[in-house]
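Okay, final_0.cif is below, mmCIF, C-alpha atoms:
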data_input
#
loop_
_atom_site.label_atom_id
_atom_site.label_comp_id
_atom_site.auth_asym_id
_atom_site.auth_seq_id
_atom_site.Cartn_x
_atom_site.Cartn_y
_atom_site.Cartn_z
CA MET A 26 15.50 34.36 -0.70
CA ALA A 27 13.49 31.35 0.42
CA ILE A 28 9.83 31.39 -0.52
CA ALA A 29 7.49 29.97 2.09
CA VAL A 30 5.06 27.54 0.49
CA ASP A 31 2.23 25.81 2.21
CA ASP A 32 1.75 22.11 1.48
CA THR A 33 -2.02 22.23 1.60
CA ALA A 34 -2.01 25.14 -0.85
CA LEU A 35 0.37 23.21 -3.12
CA THR A 36 -2.02 20.28 -3.05
CA GLU A 37 -5.21 22.21 -3.62
CA LYS A 38 -4.24 25.33 -5.58
CA GLY A 39 -0.64 25.02 -6.71
CA LEU A 40 1.69 27.98 -6.75
CA ASP A 41 1.54 31.05 -8.96
CA ALA A 42 4.60 32.29 -10.80
CA PRO A 43 5.95 35.55 -9.37
CA GLU A 44 4.36 38.67 -10.75
CA GLY A 45 6.37 40.69 -13.21
CA LYS A 46 8.87 39.06 -15.54
CA LEU A 47 11.77 37.88 -13.40
CA GLY A 48 13.41 34.98 -15.14
CA ARG A 49 13.69 33.77 -18.71
CA VAL A 50 12.73 30.18 -17.93
CA LEU A 51 9.42 29.10 -16.45
CA LEU A 52 9.34 25.77 -14.67
CA LEU A 53 5.79 24.51 -14.95
CA ALA A 54 5.64 21.89 -12.27
CA CYS A 55 3.52 19.58 -10.18
CA GLY A 56 2.84 21.09 -6.75
CA ALA A 57 4.32 17.95 -5.20
CA LEU A 58 7.74 19.05 -6.49
CA ALA A 59 7.70 22.69 -5.36
CA HIS A 60 9.93 22.30 -2.31
CA GLU A 61 12.53 20.32 -4.20
CA ILE A 62 12.61 22.72 -7.15
CA LEU A 63 12.88 25.76 -4.90
CA ALA A 64 15.67 24.06 -2.96
CA LEU A 65 17.57 23.33 -6.18
CA LYS A 66 17.04 26.91 -7.32
CA ARG A 67 18.54 28.18 -4.06
CA LEU A 68 21.42 25.73 -4.05
CA ASN A 69 22.40 26.51 -7.64
CA ASN A 70 21.49 30.18 -7.79
CA TRP A 71 19.18 29.52 -10.72
CA ASP A 72 17.76 33.02 -10.66
CA HIS A 73 16.82 32.82 -14.33
CA MET A 74 14.10 30.31 -13.45
CA ASP A 75 10.62 31.03 -12.12
CA LEU A 76 8.31 28.41 -10.73
CA GLN A 77 4.63 27.92 -11.41
CA CYS A 78 2.95 24.86 -9.88
CA LEU A 79 -0.30 23.17 -10.78
CA PRO A 80 -2.27 21.63 -7.91
CA ALA A 81 -0.61 18.43 -6.73
CA LYS A 82 -4.04 16.85 -6.32
CA TYR A 83 -4.23 16.45 -10.09
CA HIS A 84 -2.35 13.25 -9.43
CA LEU A 85 -5.62 11.85 -8.21
CA TYR A 86 -7.09 12.59 -11.65
CA PRO A 87 -4.18 12.28 -14.13
CA ASP A 88 -6.47 12.95 -17.08
CA LYS A 89 -6.62 16.58 -15.92
CA ILE A 90 -2.87 17.12 -16.17
CA PRO A 91 -2.35 17.53 -19.95
CA ALA A 92 -5.15 20.09 -20.32
CA ALA A 93 -3.97 22.04 -17.26
CA VAL A 94 -0.40 22.07 -18.58
CA GLU A 95 -1.66 23.26 -21.96
CA ASP A 96 -3.63 26.12 -20.38
CA ALA A 97 -0.63 27.21 -18.32
CA VAL A 98 1.74 27.06 -21.30
CA HIS A 99 -0.59 29.24 -23.35
CA LYS A 100 -0.97 31.66 -20.45
CA HIS A 101 2.78 32.14 -19.93
CA ARG A 102 4.18 31.50 -23.38
CA ASP A 103 4.72 35.17 -24.23
CA ASP A 104 6.38 35.95 -20.89
CA TYR A 105 9.25 33.46 -21.07
CA GLU A 106 11.84 32.33 -23.58
CA THR A 107 11.56 28.74 -22.37
CA ILE A 108 8.90 26.78 -20.55
CA PHE A 109 9.98 23.46 -19.07
CA VAL A 110 7.35 21.05 -17.75
CA VAL A 111 8.42 19.42 -14.49
CA TYR A 112 6.18 16.40 -14.62
CA ALA A 113 7.00 12.84 -15.53
CA ASP A 114 4.35 10.79 -17.34
CA CYS A 115 2.48 10.68 -14.02
CA GLY A 116 -0.24 8.24 -15.03
CA THR A 117 -1.23 10.08 -18.21
CA GLY A 118 -0.31 7.12 -20.39
CA GLY A 119 1.85 9.17 -22.75
CA LEU A 120 -0.77 11.88 -23.21
CA LEU A 121 1.32 14.49 -21.37
CA GLN A 122 4.36 13.70 -23.50
CA ALA A 123 2.22 14.04 -26.62
CA LYS A 124 0.77 17.32 -25.40
CA CYS A 125 4.23 18.73 -24.61
CA ALA A 126 5.44 17.71 -28.07
CA GLU A 127 2.43 19.43 -29.60
CA LEU A 128 3.14 22.57 -27.57
CA GLY A 129 6.84 22.48 -28.35
CA VAL A 130 7.97 22.30 -24.73
CA GLU A 131 10.17 19.76 -23.00
CA MET A 132 9.44 17.75 -19.88
CA VAL A 133 11.20 15.53 -17.35
CA GLU A 134 11.82 11.95 -18.48
CA GLY A 135 10.44 8.98 -16.59
CA PRO A 136 7.18 7.32 -15.63
CA HIS A 137 6.69 9.26 -12.38
CA CYS A 138 8.53 11.15 -9.67
CA TYR A 139 9.40 7.97 -7.74
CA SER A 140 11.41 7.01 -10.76
CA PHE A 141 13.32 10.23 -11.37
CA PHE A 142 14.03 10.77 -7.68
CA GLU A 143 15.64 7.36 -7.52
CA GLY A 144 17.19 7.84 -10.96
CA ASN A 145 15.30 6.57 -14.00
CA ASP A 146 17.97 4.03 -14.94
CA VAL A 147 18.17 2.56 -11.45
CA PHE A 148 14.42 2.58 -11.01
CA ALA A 149 13.87 0.78 -14.31
CA LYS A 150 16.16 -2.00 -13.11
CA THR A 151 14.82 -2.32 -9.57
CA SER A 152 11.13 -1.63 -9.97
CA GLU A 153 10.40 -5.00 -11.60
CA ASP A 154 11.49 -6.64 -8.37
CA GLU A 155 9.57 -4.12 -6.31
CA ILE A 156 6.09 -4.27 -7.72
CA THR A 157 4.72 -4.78 -4.23
CA ALA A 158 6.33 -1.56 -2.94
CA PHE A 159 4.20 1.50 -2.24
CA TYR A 160 6.31 4.62 -2.73
CA LEU A 161 6.22 7.82 -0.75
CA THR A 162 8.23 10.99 -1.28
CA ASP A 163 8.79 13.83 1.19
CA PHE A 164 5.73 15.61 -0.14
CA LEU A 165 3.53 12.54 0.00
CA VAL A 166 4.62 11.84 3.55
CA LYS A 167 3.65 15.38 4.50
CA GLN A 168 0.38 15.20 2.57
CA PHE A 169 -0.39 11.55 3.30
CA ASP A 170 -3.89 12.23 4.56
CA ALA A 171 -4.78 14.41 1.56
CA PHE A 172 -3.47 11.93 -1.01
CA ILE A 173 -4.12 8.56 0.59
CA MET A 174 -6.32 8.47 3.66
CA LYS A 175 -9.09 10.84 2.58
CA PRO A 176 -9.49 10.10 -1.14
CA MET A 177 -9.38 6.37 -0.49
CA GLY A 178 -11.90 6.74 2.31
CA LEU A 179 -9.57 5.13 4.84
CA ASP A 180 -10.20 7.91 7.34
CA ARG A 181 -13.88 6.97 7.37
CA HIS A 182 -13.65 3.27 6.56
CA PRO A 183 -10.39 1.78 7.83
CA GLU A 184 -11.77 -1.66 7.06
CA LEU A 185 -11.07 -0.97 3.37
CA ARG A 186 -7.32 -0.91 3.98
CA ASP A 187 -6.63 -4.47 2.95
CA MET A 188 -8.77 -4.19 -0.18
CA TYR A 189 -6.46 -1.40 -1.31
CA PHE A 190 -3.14 -2.48 0.13
CA GLY A 191 -3.47 -6.21 0.72
CA ASN A 192 -1.12 -7.01 -2.17
CA TYR A 193 1.62 -4.60 -1.09
CA THR A 194 4.48 -5.83 1.06
CA LYS A 195 6.29 -2.62 2.04
CA VAL A 196 6.32 1.16 1.97
CA VAL A 197 9.44 2.63 0.40
CA TYR A 198 10.01 6.16 1.64
CA GLN A 199 12.22 7.96 -0.85
CA ALA A 200 13.68 10.78 1.25
CA GLN A 201 14.71 13.90 -0.63
CA VAL A 202 16.13 15.47 2.52
CA ASN A 203 17.33 14.16 5.85
CA ASP A 204 14.69 15.12 8.38
CA PRO A 205 14.00 12.99 11.47
CA ALA A 206 10.51 14.46 11.75
CA LEU A 207 9.66 13.26 8.24
CA ASP A 208 11.18 9.86 8.99
CA ALA A 209 8.87 9.56 11.99
CA LYS A 210 5.88 10.64 9.94
CA ALA A 211 6.78 8.12 7.22
CA GLN A 212 6.76 5.42 9.88
CA THR A 213 3.29 6.54 10.96
CA CYS A 214 2.13 6.38 7.33
CA ALA A 215 3.46 2.85 6.95
CA ASP A 216 1.80 1.86 10.21
CA LYS A 217 -1.51 3.19 8.94
CA LEU A 218 -1.19 0.96 5.89
CA GLY A 219 -0.09 -2.01 8.00
CA LEU A 220 3.17 -2.33 6.06
CA PRO A 221 6.85 -2.31 7.01
CA LEU A 222 8.83 0.81 6.12
CA GLU A 223 12.03 1.00 4.11
CA ARG A 224 13.70 4.40 4.04
CA ARG A 225 15.82 5.22 1.04
CA PHE A 226 17.66 8.51 0.70
CA THR A 227 17.45 9.64 -2.92
CA GLY A 228 18.12 13.34 -2.75
CA TYR A 229 16.79 15.07 -5.86
CA GLY A 230 17.95 12.35 -8.26
CA ASP A 231 17.39 13.01 -11.96
CA LEU A 232 15.37 16.12 -11.16
CA ALA A 233 18.57 18.01 -10.46
CA THR A 234 20.12 16.83 -13.71
CA ALA A 235 17.03 17.66 -15.75
CA LEU A 236 16.84 21.20 -14.40
CA SER A 237 20.56 21.85 -14.72
CA ASP A 238 20.34 20.89 -18.41
CA ILE A 239 17.86 23.65 -19.23
CA MET B 26 -30.60 6.75 5.85
CA SER B 27 -28.67 5.13 8.70
CA GLU B 28 -30.94 6.67 11.36
CA GLU B 29 -33.99 5.26 9.60
CA GLN B 30 -32.13 1.98 9.32
CA ASP B 31 -32.09 1.62 13.10
CA ASP B 32 -35.87 1.45 13.10
CA ILE B 33 -36.24 -1.05 10.28
CA ILE B 34 -36.79 -4.68 11.17
CA LEU B 35 -35.93 -6.45 7.95
CA SER B 36 -37.90 -9.58 8.72
CA GLU B 37 -41.09 -7.54 9.09
CA LEU B 38 -40.82 -6.09 5.58
CA SER B 39 -42.86 -7.58 2.76
CA ASP B 40 -41.01 -8.90 -0.26
CA ASP B 41 -41.95 -5.76 -2.17
CA GLU B 42 -40.40 -3.65 0.58
CA LEU B 43 -37.44 -5.84 1.32
CA VAL B 44 -35.99 -5.90 -2.21
CA PRO B 45 -35.72 -2.08 -2.47
CA GLN B 46 -34.36 -2.12 1.08
CA ILE B 47 -31.62 -4.50 -0.10
CA HIS B 48 -30.81 -2.04 -2.87
CA ASP B 49 -30.53 0.73 -0.27
CA ASP B 50 -28.42 -1.40 2.06
CA LEU B 51 -26.08 -2.32 -0.78
CA TYR B 52 -25.78 1.33 -1.66
CA ASP B 53 -24.82 2.03 1.94
CA GLY B 54 -22.41 -0.90 2.11
CA MET B 55 -24.23 -2.64 4.97
CA LYS B 56 -22.90 -6.16 4.75
CA GLU B 57 -24.62 -7.64 7.80
CA GLU B 58 -28.00 -6.32 6.70
CA ILE B 59 -27.48 -7.77 3.23
CA GLU B 60 -26.63 -11.17 4.67
CA GLU B 61 -29.68 -11.05 6.91
CA SER B 62 -31.97 -10.07 4.04
CA VAL B 63 -30.64 -12.84 1.81
CA HIS B 64 -31.40 -15.37 4.53
CA ILE B 65 -34.89 -13.91 4.96
CA LEU B 66 -35.68 -14.25 1.25
CA LEU B 67 -34.29 -17.79 1.17
CA ASP B 68 -36.48 -18.69 4.15
CA ARG B 69 -39.44 -17.27 2.25
CA GLY B 70 -38.78 -19.68 -0.59
CA TRP B 71 -37.08 -17.35 -3.06
CA MET B 72 -34.88 -19.02 -5.63
CA PRO B 73 -31.21 -18.11 -5.12
CA TYR B 74 -30.97 -16.89 -8.73
CA ASP B 75 -33.88 -14.47 -8.19
CA ILE B 76 -32.29 -13.08 -5.03
CA LEU B 77 -29.04 -12.64 -6.88
CA THR B 78 -30.47 -10.89 -9.92
CA LYS B 79 -33.44 -8.94 -8.52
CA ALA B 80 -31.87 -7.86 -5.24
CA LEU B 81 -28.06 -7.96 -5.36
CA VAL B 82 -27.17 -7.42 -9.02
CA GLU B 83 -29.87 -4.80 -9.46
CA GLY B 84 -28.59 -3.03 -6.33
CA MET B 85 -25.04 -3.05 -7.65
CA ARG B 86 -26.29 -1.82 -11.01
CA ILE B 87 -27.64 1.28 -9.26
CA VAL B 88 -24.31 1.69 -7.44
CA GLY B 89 -22.52 1.40 -10.78
CA ILE B 90 -24.66 4.10 -12.37
CA ASP B 91 -24.04 6.52 -9.52
CA PHE B 92 -20.31 5.76 -9.64
CA ARG B 93 -20.24 6.51 -13.35
CA ASP B 94 -22.16 9.74 -12.75
CA GLY B 95 -19.75 10.90 -10.06
CA ILE B 96 -22.27 10.61 -7.22
CA LEU B 97 -20.47 7.71 -5.55
CA PHE B 98 -16.70 7.27 -5.34
CA VAL B 99 -14.37 4.31 -5.07
CA PRO B 100 -14.62 3.87 -1.27
CA GLU B 101 -18.41 3.70 -1.39
CA VAL B 102 -18.31 1.26 -4.31
CA LEU B 103 -15.89 -0.93 -2.38
CA LEU B 104 -18.16 -0.95 0.64
CA ALA B 105 -21.10 -1.89 -1.58
CA ALA B 106 -19.05 -4.62 -3.24
CA ASN B 107 -18.05 -5.94 0.14
CA ALA B 108 -21.70 -6.08 1.16
CA MET B 109 -22.63 -7.85 -2.06
CA LYS B 110 -19.81 -10.32 -1.49
CA GLY B 111 -21.45 -11.20 1.81
CA GLY B 112 -24.68 -12.03 -0.01
CA MET B 113 -22.89 -13.85 -2.81
CA THR B 114 -21.06 -16.06 -0.34
CA ILE B 115 -24.40 -17.33 0.91
CA LEU B 116 -25.90 -17.74 -2.55
CA LYS B 117 -23.00 -19.17 -4.55
CA PRO B 118 -23.22 -22.80 -3.36
CA LEU B 119 -27.00 -22.68 -3.68
CA LEU B 120 -26.85 -21.34 -7.23
CA ALA B 121 -24.94 -24.40 -8.37
CA GLU B 122 -27.43 -26.72 -6.65
CA THR B 123 -30.47 -25.02 -8.16
CA GLY B 124 -29.20 -24.97 -11.74
CA ALA B 125 -28.98 -21.22 -12.30
CA PRO B 126 -28.45 -20.30 -15.97
CA ARG B 127 -24.82 -20.00 -17.11
CA LEU B 128 -24.04 -17.45 -19.79
CA GLY B 129 -20.42 -18.38 -20.43
CA ASN B 130 -16.98 -18.98 -18.97
CA MET B 131 -14.30 -16.38 -18.40
CA VAL B 132 -10.65 -16.26 -17.35
CA ILE B 133 -9.60 -13.01 -15.72
CA GLY B 134 -6.40 -11.67 -14.23
CA THR B 135 -4.25 -8.60 -13.62
CA VAL B 136 -1.26 -8.49 -15.96
CA LYS B 137 2.40 -9.11 -15.17
CA GLY B 138 4.05 -6.43 -13.06
CA ASP B 139 0.77 -5.18 -11.65
CA ILE B 140 -0.65 -6.05 -8.26
CA HIS B 141 -3.83 -3.97 -8.40
CA ASP B 142 -6.99 -6.00 -8.27
CA ILE B 143 -9.86 -3.87 -7.03
CA GLY B 144 -11.34 -3.36 -10.49
CA LYS B 145 -10.70 -6.95 -11.48
CA ASN B 146 -12.41 -8.20 -8.33
CA LEU B 147 -15.43 -6.01 -9.01
CA VAL B 148 -15.66 -7.33 -12.56
CA THR B 149 -15.34 -10.90 -11.31
CA MET B 150 -18.15 -10.42 -8.83
CA MET B 151 -20.47 -8.71 -11.30
CA MET B 152 -19.75 -11.29 -14.00
CA GLU B 153 -20.54 -14.09 -11.56
CA GLY B 154 -23.67 -12.25 -10.55
CA ALA B 155 -24.70 -12.02 -14.19
CA GLY B 156 -24.33 -15.77 -14.67
CA PHE B 157 -20.77 -16.22 -15.89
CA GLU B 158 -18.40 -18.79 -14.47
CA VAL B 159 -15.18 -16.90 -13.75
CA LYS B 160 -11.70 -18.28 -13.15
CA ASP B 161 -9.74 -15.54 -11.38
CA LEU B 162 -5.99 -15.86 -11.89
CA GLY B 163 -5.24 -13.09 -9.42
CA ILE B 164 -2.45 -10.55 -9.90
CA ASN B 165 0.90 -10.27 -11.69
CA ASN B 166 0.15 -12.79 -14.45
CA PRO B 167 2.69 -13.57 -17.16
CA VAL B 168 1.33 -14.61 -20.55
CA GLU B 169 1.78 -18.30 -19.72
CA ASN B 170 -0.75 -18.09 -16.91
CA TYR B 171 -3.46 -16.85 -19.23
CA LEU B 172 -2.72 -19.23 -22.06
CA ASP B 173 -2.30 -22.30 -19.86
CA GLU B 174 -5.66 -21.68 -18.23
CA LEU B 175 -7.40 -20.97 -21.54
CA GLU B 176 -6.06 -24.22 -22.95
CA ALA B 177 -6.92 -26.20 -19.83
CA GLY B 178 -10.60 -25.30 -19.76
CA GLU B 179 -13.52 -24.42 -21.97
CA TYR B 180 -13.56 -20.66 -21.92
CA ASP B 181 -15.30 -18.03 -24.00
CA ILE B 182 -13.77 -14.84 -22.66
CA LEU B 183 -10.37 -13.59 -21.54
CA GLY B 184 -10.36 -10.52 -19.31
CA MET B 185 -7.20 -8.56 -18.52
CA SER B 186 -6.79 -5.71 -16.08
CA ALA B 187 -4.05 -3.15 -15.37
CA LEU B 188 -3.89 -0.01 -13.28
CA LEU B 189 -0.48 1.26 -14.32
CA THR B 190 0.53 2.93 -17.56
CA THR B 191 3.75 0.96 -17.26
CA THR B 192 1.99 -2.42 -17.15
CA MET B 193 -0.93 -1.98 -19.51
CA PRO B 194 1.21 -2.56 -22.65
CA TYR B 195 1.66 -6.14 -21.43
CA MET B 196 -1.88 -6.84 -22.57
CA LYS B 197 -0.60 -6.61 -26.13
CA VAL B 198 2.06 -9.21 -25.35
CA VAL B 199 -0.69 -11.61 -24.31
CA ILE B 200 -2.85 -10.90 -27.36
CA ASP B 201 0.11 -11.12 -29.75
CA THR B 202 1.06 -14.47 -28.26
CA MET B 203 -2.51 -15.69 -28.73
CA VAL B 204 -2.28 -14.65 -32.38
CA GLU B 205 1.06 -16.45 -32.79
CA LYS B 206 -0.44 -19.62 -31.35
CA GLY B 207 -3.49 -19.36 -33.60
CA MET B 208 -5.90 -19.15 -30.68
CA ARG B 209 -6.83 -15.47 -30.71
CA ASP B 210 -10.07 -15.93 -32.60
CA ASP B 211 -11.25 -18.61 -30.19
CA TYR B 212 -11.87 -16.09 -27.42
CA VAL B 213 -13.41 -12.72 -26.77
CA VAL B 214 -10.73 -10.51 -25.21
CA LEU B 215 -11.95 -7.77 -22.88
CA VAL B 216 -9.57 -5.28 -21.26
CA GLY B 217 -10.02 -2.71 -18.53
CA GLY B 218 -8.29 -0.53 -15.96
CA ALA B 219 -8.09 3.12 -15.01
CA PRO B 220 -5.43 4.29 -17.50
CA LEU B 221 -6.91 2.45 -20.49
CA ASN B 222 -9.28 3.82 -23.08
CA GLU B 223 -11.11 2.62 -26.15
CA GLU B 224 -8.30 3.60 -28.51
CA PHE B 225 -5.81 1.58 -26.50
CA GLY B 226 -8.12 -1.43 -26.57
CA LYS B 227 -8.37 -1.22 -30.34
CA ALA B 228 -4.64 -0.61 -30.80
CA ILE B 229 -3.63 -3.76 -28.95
CA GLY B 230 -6.20 -5.93 -30.71
CA ALA B 231 -8.69 -6.48 -27.90
CA ASP B 232 -12.34 -7.04 -28.76
CA ALA B 233 -13.47 -4.34 -26.36
CA TYR B 234 -12.35 -1.93 -23.67
CA CYS B 235 -14.69 -1.94 -20.67
CA ARG B 236 -14.65 1.23 -18.61
CA ASP B 237 -16.26 -0.37 -15.56
CA ALA B 238 -17.68 -3.61 -14.22
CA ALA B 239 -21.20 -2.93 -15.45
CA VAL B 240 -19.95 -2.29 -18.99
CA ALA B 241 -17.87 -5.47 -18.80
CA VAL B 242 -20.99 -7.49 -18.00
CA GLU B 243 -23.05 -5.90 -20.77
CA THR B 244 -20.22 -6.30 -23.28
CA ALA B 245 -19.71 -9.94 -22.34
CA LYS B 246 -23.43 -10.60 -22.68
CA GLU B 247 -23.50 -9.01 -26.13
CA PHE B 248 -20.57 -11.09 -27.34
CA MET B 249 -22.11 -14.26 -25.97
CA ALA B 250 -25.43 -13.47 -27.64
CA THR B 251 -23.63 -12.89 -30.94
CA LYS B 252 -21.75 -16.17 -30.56
CA HIS B 253 -24.96 -17.98 -29.72
CA ASN B 254 -26.69 -16.52 -32.79
CA GLN B 255 -23.76 -17.49 -35.01
CA LEU B 256 -23.86 -21.05 -33.73
CA SER B 257 -27.64 -21.20 -34.26
CA ALA B 258 -27.47 -19.86 -37.81
#

Using the file provided, produce a representation of the structure as structure tokens.
Amino acid sequence: MAIAVDDTALTEKGLDAPEGKLGRVLLLACGALAHEILALKRLNNWDHMDLQCLPAKYHLYPDKIPAAVEDAVHKHRDDYETIFVVYADCGTGGLLQAKCAELGVEMVEGPHCYSFFEGNDVFAKTSEDEITAFYLTDFLVKQFDAFIMKPMGLDRHPELRDMYFGNYTKVVYQAQVNDPALDAKAQTCADKLGLPLERRFTGYGDLATALSDI
Amino acid sequence: MSEEQDDIILSELSDDELVPQIHDDLYDGMKEEIEESVHILLDRGWMPYDILTKALVEGMRIVGIDFRDGILFVPEVLLAANAMKGGMTILKPLLAETGAPRLGNMVIGTVKGDIHDIGKNLVTMMMEGAGFEVKDLGINNPVENYLDELEAGEYDILGMSALLTTTMPYMKVVIDTMVEKGMRDDYVVLVGGAPLNEEFGKAIGADAYCRDAAVAVETAKEFMATKHNQLSA
């Protein structure tokens, strides 16, 4: 059964695991990955997995992520056989990896979701030539205002745009699904940043592999 | 404050009123008002260095404190910096003419693979405001850029900046290369950027990690004072 999840709630509050013990694996994830994880669960009938998401807005303050993951692991440790952390390094500078090792839980490999959606191996090879690319995923396209326009003050002070984005040369929209409405919104996002758009269909990339290995 | 601003005629303020008003205008990111006030003080015979330090740098110091305390955020700091830049543009050529004191020379740049320069630009501006001559190498600098510039000029300080956890390790490449070439001890190496911390700075062999532009200025001043004392001893 599909679970309806609201993007604003995923950004601000995250998503609580279902009440009552349902699965034996808890996926402790970033709210920005909820739709993709739920889609993979449906596609693969991974009924043994439950999903708990931390607020996606923690990406604006990466130093909050390790402590929040630690709290959630402690909270749910007794309820599940396995807890798997569905974050990449995500700007924590190795601190999340160290925290997961300390807690004895595994996490997704890679520097950030742009990398594992594209495939970590491919991204490692191409990203050196793409340092002037600004990446968006489906979730970031949908929550562009919450993650880019408002926190950077561009909604109030559009004149700051070039101070932030003057060194970028393109927006790369990594599409997890084919959705013309999201494509159109991605174009609007790129227009707001004054950059050309490149759409790249990635699907779920290494996320699917990582979850299937649990 | 902006409603009050409409009623204020800057040229009618006394010096004692205008300087705090400049601090307020910097805080509010009002570039045109800053430029006007700088011209007013110059017309009143103020030395460019006094305008820079007492009005602009002091105003940005207040902005820096409120940023550190979580009262102001990046967009407001950028607006303030933009306003200060307006004032600096007027003062910079005059500072050279009037023999403003120079504290030291610095090379600064964002490391290879990284194109983020907001923090670096803030540091550059605040260091210049504090009396340092700064050569800004821009973004995406391989080790050769830093070393070539250091060898080409007479510099005291190397500053490196990175915003990404994937690019900050490159700072160690630069420092290690300086060690290999026997030039590490000739310079103070300061590092900064959002994902860095003090432990990282120590681990890569930098002299100091600077969490913001104001700390960078204070740290640079301390190192220059130490160097000066050593030379005098």

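The residues returned by the PyMOL selection byres ((chain A and resi 58) around 9) on the shown structure are Ala54, Cys55, Gly56, Ala57, Ala59, His60, Glu61, Ile62, Leu63, Cys78, Ala81, Val111, Tyr112, Cys138 and Phe164 of chain A.
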
Next, dump the selected residues to file, keeping only C-alpha atoms, as a compact mmCIF listing (two decimals), in the coordinates of the input.
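Wrote again_25.txt, looks like this:
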# COMPACT_ATOMS: atom_id res chain seq x y z
CA ALA A 54 5.64 21.89 -12.27
CA CYS A 55 3.52 19.58 -10.18
CA GLY A 56 2.84 21.09 -6.75
CA ALA A 57 4.32 17.95 -5.20
CA ALA A 59 7.70 22.69 -5.36
CA HIS A 60 9.93 22.30 -2.31
CA GLU A 61 12.53 20.32 -4.20
CA ILE A 62 12.61 22.72 -7.15
CA LEU A 63 12.88 25.76 -4.90
CA CYS A 78 2.95 24.86 -9.88
CA ALA A 81 -0.61 18.43 -6.73
CA VAL A 111 8.42 19.42 -14.49
CA TYR A 112 6.18 16.40 -14.62
CA CYS A 138 8.53 11.15 -9.67
CA PHE A 164 5.73 15.61 -0.14

### Message
Should the cut-off be 10 Å, what would the residue list for chain A against chain B look like, counting only C-alpha atoms, as number ranges by chain?
### Response
A: 87-88, 114-119, 136, 152-158, 175-179, 181-182, 184-185, 188-193

### Task
Run through the PyMOL selection byres ((chain A and resi 232) around 12) on the given coordinates and return the selected residues as an MDAnalysis selection string.
chainID A and resid 52 54 58:59 61:66 110:113 132:135 137:145 201 227:231 233:239

### Task
Would you please work out which residue, of B:Met150, B:Leu43, B:Leu77, B:Ala105, is nearest to Phe92 (chain B) when using all atoms listed in the file?
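Result for the nearest residue to Phe92 (chain B): B:Ala105.
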
### Message
I'd like the interatomic distance between CA of Tyr234 (chain B) and CA of Gly218 (chain B), to a tenth of an Å.
### Response
8.8 Å

### Message
One number please: CA of Pro183 (chain A) to CA of Pro221 (chain A), in Å, one decimal.
### Response
17.7 Å

### Query
Which residues, written as a VMD selection string, have at least one atom at most 10 Å from Pro167 (chain B), with all atoms listed in the file counted and residues fewer than 4 positions away on the same chain left out?
chain B and resid 134 to 138 171 to 172 195 to 196 198 to 199

### Message
Residues near Tyr212 (chain B), anyone? I mean within 7 Å using only C-alpha atoms, not counting same-chain ones fewer than 5 positions away, as a list in words.
### Response
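Near neighbours after the sequence-gap exclusion: Asp181, Ile182 and Leu183 of chain B.
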
### Task
Name the residues in contact with Val82 (chain B) at a cut-off of 9 Å, using only C-alpha atoms, excluding same-chain residues fewer than 4 positions from it; report them as a list in words.
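Near Val82 (chain B), the qualifying residues are His48, Ile76, Leu77, Thr78, Arg86, Ile87, Met109, Met151, Gly154 and Ala155 of chain B.
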
### Query
Of the residues A:Val197, A:Val147, A:Cys214, A:Leu53, which is the one nearest to Lys167 (chain A), using all atoms listed in the file?
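Smallest separation from Lys167 (chain A) among the options: A:Cys214.
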
#### Entry: Nearest to Leu51 (chain B) by atom-to-atom distance, counting all atoms listed in the file, from B:Pro126, B:Pro73, B:Gly84, B:Pro118
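When distances to Leu51 (chain B) are compared using all atoms listed in the file, the smallest one comes from B:Gly84.
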